[in-house]
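Read the structure below first, then the notes.
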Amino acid sequence: MGRARDLLLWLLLSAAVTTVAQAGEPVDLELVLAGDASGSIDADELQLQRQGYADAITDPRVLDVIAQGPNGAIAIAYIEWAGSFSTDLVVDWAVIRDAPSAQAFANALLHAPRRAQGFNSIGAGLVLATRLIQTSDYDGTRRVIDVSGDGPDVGAPKADVARDAAVAAGITINAVAINSHDESAFSNGIPLATHFTDHVIGGPGAFVTVADGLASFRETLLAKLVREISGLPAPGPRLASRPRASSLPPG
């Protein structure tokens, strides 16, 4: 049963990343924001996480770096992941080029209902994010998935497998490790940022940033978005970077 399940998941994952997107509207970046909606995140924490993304995407520093790009625009979508079969497209693709478009996206995010529930299947979130990028109506110079979470990957498909498929499709995955004050910040005694570095991030220049709980999430995320949109290299030791080679089985 285990092999049959893994084969089915692999086939589903392959179907998600082999679709060739048609040429669409040019943007400087296609960015899927993937927030944690697993059982470790209660309603108040979910809203704090969404508020952090809303505040960051409307911040003048983010809008300034968007305006400096060749196209002066990025395309973003927001998803939430929880269990292996519980992921949700919270806000569909939108083009951000100025304060009004950023605010419209933020408003949609803050007022959307919570639908994803379950354990920490980061891999399931990566599958959805990859499929969204592969089938979008945009032609981004760069393509990035931005994961935030406060616990290690569990469930299926494994984050490693989903990560490698995304990287093979030309997508970079970065992450924010939200440190908590309980054992969810560790995976088998390994700090969450290290777990994310080893099992979640991938692609050229991929990196992990660390937020000291949701209280510092907004500022951490703001710096991260500025870096992702501008394509700047890592500025300091709180960032871990590791390019990934695909481990896809031969086709």
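By convention here, the chains of the structure tokens are called A, B, ... in the order presented, each chain's residues are numbered starting at 1, and ligands are numbered starting at 1 in the order presented.
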
(message) Which residues are close to segment 90-101 of chain A, i.e. within 10 Å by only C-alpha atoms, leaving aside same-chain residues fewer than 3 positions away? Reply as a count of residues only.
(response) 48

For Asp160 of chain A, find every residue with an atom within 10 Å (counting only C-alpha atoms), except residues of its own chain fewer than 2 positions away, and show them as a PDB file with N, CA, C and O atoms, in the first residue's frame.
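Okay, this is what ended up in part29.pdb:
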ATOM      1  N   ILE A 122       3.712  20.385   4.449  1.00  0.00           N
ATOM      2  CA  ILE A 122       4.297  21.439   3.614  1.00  0.00           C
ATOM      3  C   ILE A 122       4.369  20.974   2.164  1.00  0.00           C
ATOM      4  O   ILE A 122       4.175  21.764   1.232  1.00  0.00           O
ATOM      5  N   GLY A 123       4.623  19.675   1.960  1.00  0.00           N
ATOM      6  CA  GLY A 123       4.697  19.149   0.605  1.00  0.00           C
ATOM      7  C   GLY A 123       3.419  19.384  -0.177  1.00  0.00           C
ATOM      8  O   GLY A 123       3.460  19.721  -1.369  1.00  0.00           O
ATOM      9  N   LEU A 126       3.375  22.893  -1.342  1.00  0.00           N
ATOM     10  CA  LEU A 126       4.294  23.114  -2.467  1.00  0.00           C
ATOM     11  C   LEU A 126       3.709  22.609  -3.779  1.00  0.00           C
ATOM     12  O   LEU A 126       3.936  23.200  -4.840  1.00  0.00           O
ATOM     13  N   ASP A 153       7.821  19.495   8.431  1.00  0.00           N
ATOM     14  CA  ASP A 153       6.957  18.835   7.457  1.00  0.00           C
ATOM     15  C   ASP A 153       6.560  17.444   7.946  1.00  0.00           C
ATOM     16  O   ASP A 153       7.387  16.673   8.426  1.00  0.00           O
ATOM     17  N   PRO A 157       2.499  14.543   0.043  1.00  0.00           N
ATOM     18  CA  PRO A 157       3.834  14.067  -0.325  1.00  0.00           C
ATOM     19  C   PRO A 157       4.908  14.736   0.527  1.00  0.00           C
ATOM     20  O   PRO A 157       4.680  15.813   1.070  1.00  0.00           O
ATOM     21  N   LYS A 158       6.054  14.110   0.641  1.00  0.00           N
ATOM     22  CA  LYS A 158       7.142  14.686   1.403  1.00  0.00           C
ATOM     23  C   LYS A 158       7.589  16.008   0.774  1.00  0.00           C
ATOM     24  O   LYS A 158       7.600  16.154  -0.452  1.00  0.00           O
ATOM     25  N   ALA A 162       8.263  17.241  -3.290  1.00  0.00           N
ATOM     26  CA  ALA A 162       7.581  18.390  -3.887  1.00  0.00           C
ATOM     27  C   ALA A 162       8.559  19.505  -4.216  1.00  0.00           C
ATOM     28  O   ALA A 162       8.450  20.169  -5.248  1.00  0.00           O
ATOM     29  N   ARG A 163       9.537  19.721  -3.338  1.00  0.00           N
ATOM     30  CA  ARG A 163      10.568  20.734  -3.582  1.00  0.00           C
ATOM     31  C   ARG A 163      11.340  20.427  -4.857  1.00  0.00           C
ATOM     32  O   ARG A 163      11.544  21.294  -5.717  1.00  0.00           O
ATOM     33  N   ASP A 164      11.793  19.183  -5.009  1.00  0.00           N
ATOM     34  CA  ASP A 164      12.614  18.831  -6.159  1.00  0.00           C
ATOM     35  C   ASP A 164      11.837  18.975  -7.466  1.00  0.00           C
ATOM     36  O   ASP A 164      12.395  19.371  -8.493  1.00  0.00           O
ATOM     37  N   ALA A 165      10.543  18.659  -7.431  1.00  0.00           N
ATOM     38  CA  ALA A 165       9.724  18.837  -8.627  1.00  0.00           C
ATOM     39  C   ALA A 165       9.581  20.313  -8.979  1.00  0.00           C
ATOM     40  O   ALA A 165       9.623  20.700 -10.154  1.00  0.00           O
ATOM     41  N   ALA A 166       9.407  21.159  -7.967  1.00  0.00           N
ATOM     42  CA  ALA A 166       9.304  22.594  -8.212  1.00  0.00           C
ATOM     43  C   ALA A 166      10.604  23.158  -8.777  1.00  0.00           C
ATOM     44  O   ALA A 166      10.609  23.949  -9.730  1.00  0.00           O
ATOM     45  N   PHE A 196      14.049  23.317   7.561  1.00  0.00           N
ATOM     46  CA  PHE A 196      13.600  23.972   6.329  1.00  0.00           C
ATOM     47  C   PHE A 196      14.723  24.026   5.289  1.00  0.00           C
ATOM     48  O   PHE A 196      14.491  23.840   4.098  1.00  0.00           O
ATOM     49  N   ASP A 198      17.177  21.928   4.936  1.00  0.00           N
ATOM     50  CA  ASP A 198      17.470  20.589   4.422  1.00  0.00           C
ATOM     51  C   ASP A 198      16.331  19.990   3.611  1.00  0.00           C
ATOM     52  O   ASP A 198      16.577  19.180   2.721  1.00  0.00           O
ATOM     53  N   HIS A 199      15.080  20.372   3.914  1.00  0.00           N
ATOM     54  CA  HIS A 199      13.951  19.654   3.333  1.00  0.00           C
ATOM     55  C   HIS A 199      12.935  20.499   2.575  1.00  0.00           C
ATOM     56  O   HIS A 199      12.073  19.936   1.889  1.00  0.00           O
ATOM     57  N   VAL A 200      13.005  21.822   2.672  1.00  0.00           N
ATOM     58  CA  VAL A 200      11.944  22.643   2.087  1.00  0.00           C
ATOM     59  C   VAL A 200      12.451  23.578   0.997  1.00  0.00           C
ATOM     60  O   VAL A 200      11.890  23.618  -0.098  1.00  0.00           O
ATOM     61  N   ILE A 201      13.491  24.352   1.281  1.00  0.00           N
ATOM     62  CA  ILE A 201      13.922  25.348   0.296  1.00  0.00           C
ATOM     63  C   ILE A 201      14.660  24.683  -0.857  1.00  0.00           C
ATOM     64  O   ILE A 201      15.177  23.569  -0.732  1.00  0.00           O
ATOM     65  N   GLY A 202      14.720  25.376  -1.985  1.00  0.00           N
ATOM     66  CA  GLY A 202      15.445  24.838  -3.137  1.00  0.00           C
ATOM     67  C   GLY A 202      15.509  25.838  -4.268  1.00  0.00           C
ATOM     68  O   GLY A 202      14.759  26.815  -4.313  1.00  0.00           O
ATOM     69  N   SER A 246      17.814  18.454  -8.690  1.00  0.00           N
ATOM     70  CA  SER A 246      16.606  17.650  -8.698  1.00  0.00           C
ATOM     71  C   SER A 246      16.910  16.197  -8.383  1.00  0.00           C
ATOM     72  O   SER A 246      17.910  15.649  -8.809  1.00  0.00           O
ATOM     73  N   SER A 247      16.004  15.572  -7.595  1.00  0.00           N
ATOM     74  CA  SER A 247      16.127  14.158  -7.325  1.00  0.00           C
ATOM     75  C   SER A 247      14.963  13.388  -7.948  1.00  0.00           C
ATOM     76  O   SER A 247      14.553  12.364  -7.459  1.00  0.00           O
TER      77      SER A 247
END

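Counting only C-alpha atoms and comparing A:Ser230, A:Asn174, A:Ser216, A:Gln51, the residue that lies closest to Gly203 of chain A is A:Asn174.
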
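The shell of residues at most 10 Å from Arg218 of chain A, with only C-alpha atoms counted and near chain neighbours (fewer than 2 positions) removed, consists of Leu48, Gln49, Arg50, Gln51, Gly52, Tyr53, Ala54, Asp55, Ala56, Ala211, Leu214, Ala215, Ser216, Thr220, Leu221, Leu222, Ala223 and Lys224 of chain A.
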
(request) Going by DSSP on the backbone, which bits of segment 20-248 of chain A are helix (DSSP H, G or I)? Write them as a VMD selection string, please. (result) chain A and resid 43 to 58 60 to 67 99 to 111 122 to 134 159 to 168 183 to 185 192 to 199 214 to 230

(request) Would you please give, as JSON, numbers by chain, all residues of segment 185-226 of chain A that DSSP assigns to strand (DSSP E or B) based on the backbone? (result) {"A": [186, 187, 190, 191, 202, 207, 208, 209, 210, 211]}

Selection from above, N, CA, C and O atoms, as a short mmCIF file (atom, residue, chain, number, x, y, z; two decimals), in the first residue's frame, can you write it?
data_model
loop_
_atom_site.label_atom_id
_atom_site.label_comp_id
_atom_site.auth_asym_id
_atom_site.auth_seq_id
_atom_site.Cartn_x
_atom_site.Cartn_y
_atom_site.Cartn_z
N PHE A 186 11.37 22.36 16.60
CA PHE A 186 12.41 21.40 16.31
C PHE A 186 11.83 20.18 15.59
O PHE A 186 10.66 19.85 15.74
N SER A 187 12.66 19.53 14.82
CA SER A 187 12.31 18.26 14.18
C SER A 187 13.37 17.25 14.58
O SER A 187 14.51 17.34 14.14
N ILE A 190 16.34 18.94 15.80
CA ILE A 190 16.98 19.84 14.84
C ILE A 190 16.19 21.15 14.76
O ILE A 190 14.96 21.11 14.62
N PRO A 191 16.82 22.31 14.87
CA PRO A 191 16.10 23.58 14.77
C PRO A 191 15.29 23.66 13.48
O PRO A 191 15.68 23.14 12.44
N GLY A 202 14.72 25.38 -1.99
CA GLY A 202 15.44 24.84 -3.14
C GLY A 202 15.51 25.84 -4.27
O GLY A 202 14.76 26.81 -4.31
N PHE A 207 16.80 30.51 0.30
CA PHE A 207 17.23 30.91 1.64
C PHE A 207 16.10 30.75 2.65
O PHE A 207 14.92 30.70 2.31
N VAL A 208 16.50 30.68 3.92
CA VAL A 208 15.59 30.64 5.06
C VAL A 208 15.85 31.86 5.93
O VAL A 208 17.00 32.20 6.20
N THR A 209 14.79 32.52 6.37
CA THR A 209 14.91 33.56 7.39
C THR A 209 14.19 33.07 8.65
O THR A 209 13.34 32.18 8.59
N VAL A 210 14.54 33.64 9.78
CA VAL A 210 14.00 33.20 11.06
C VAL A 210 13.24 34.35 11.72
O VAL A 210 13.78 35.45 11.88
N ALA A 211 11.98 34.07 12.10
CA ALA A 211 11.18 35.02 12.87
C ALA A 211 11.06 34.50 14.30
O ALA A 211 10.76 33.32 14.51
#
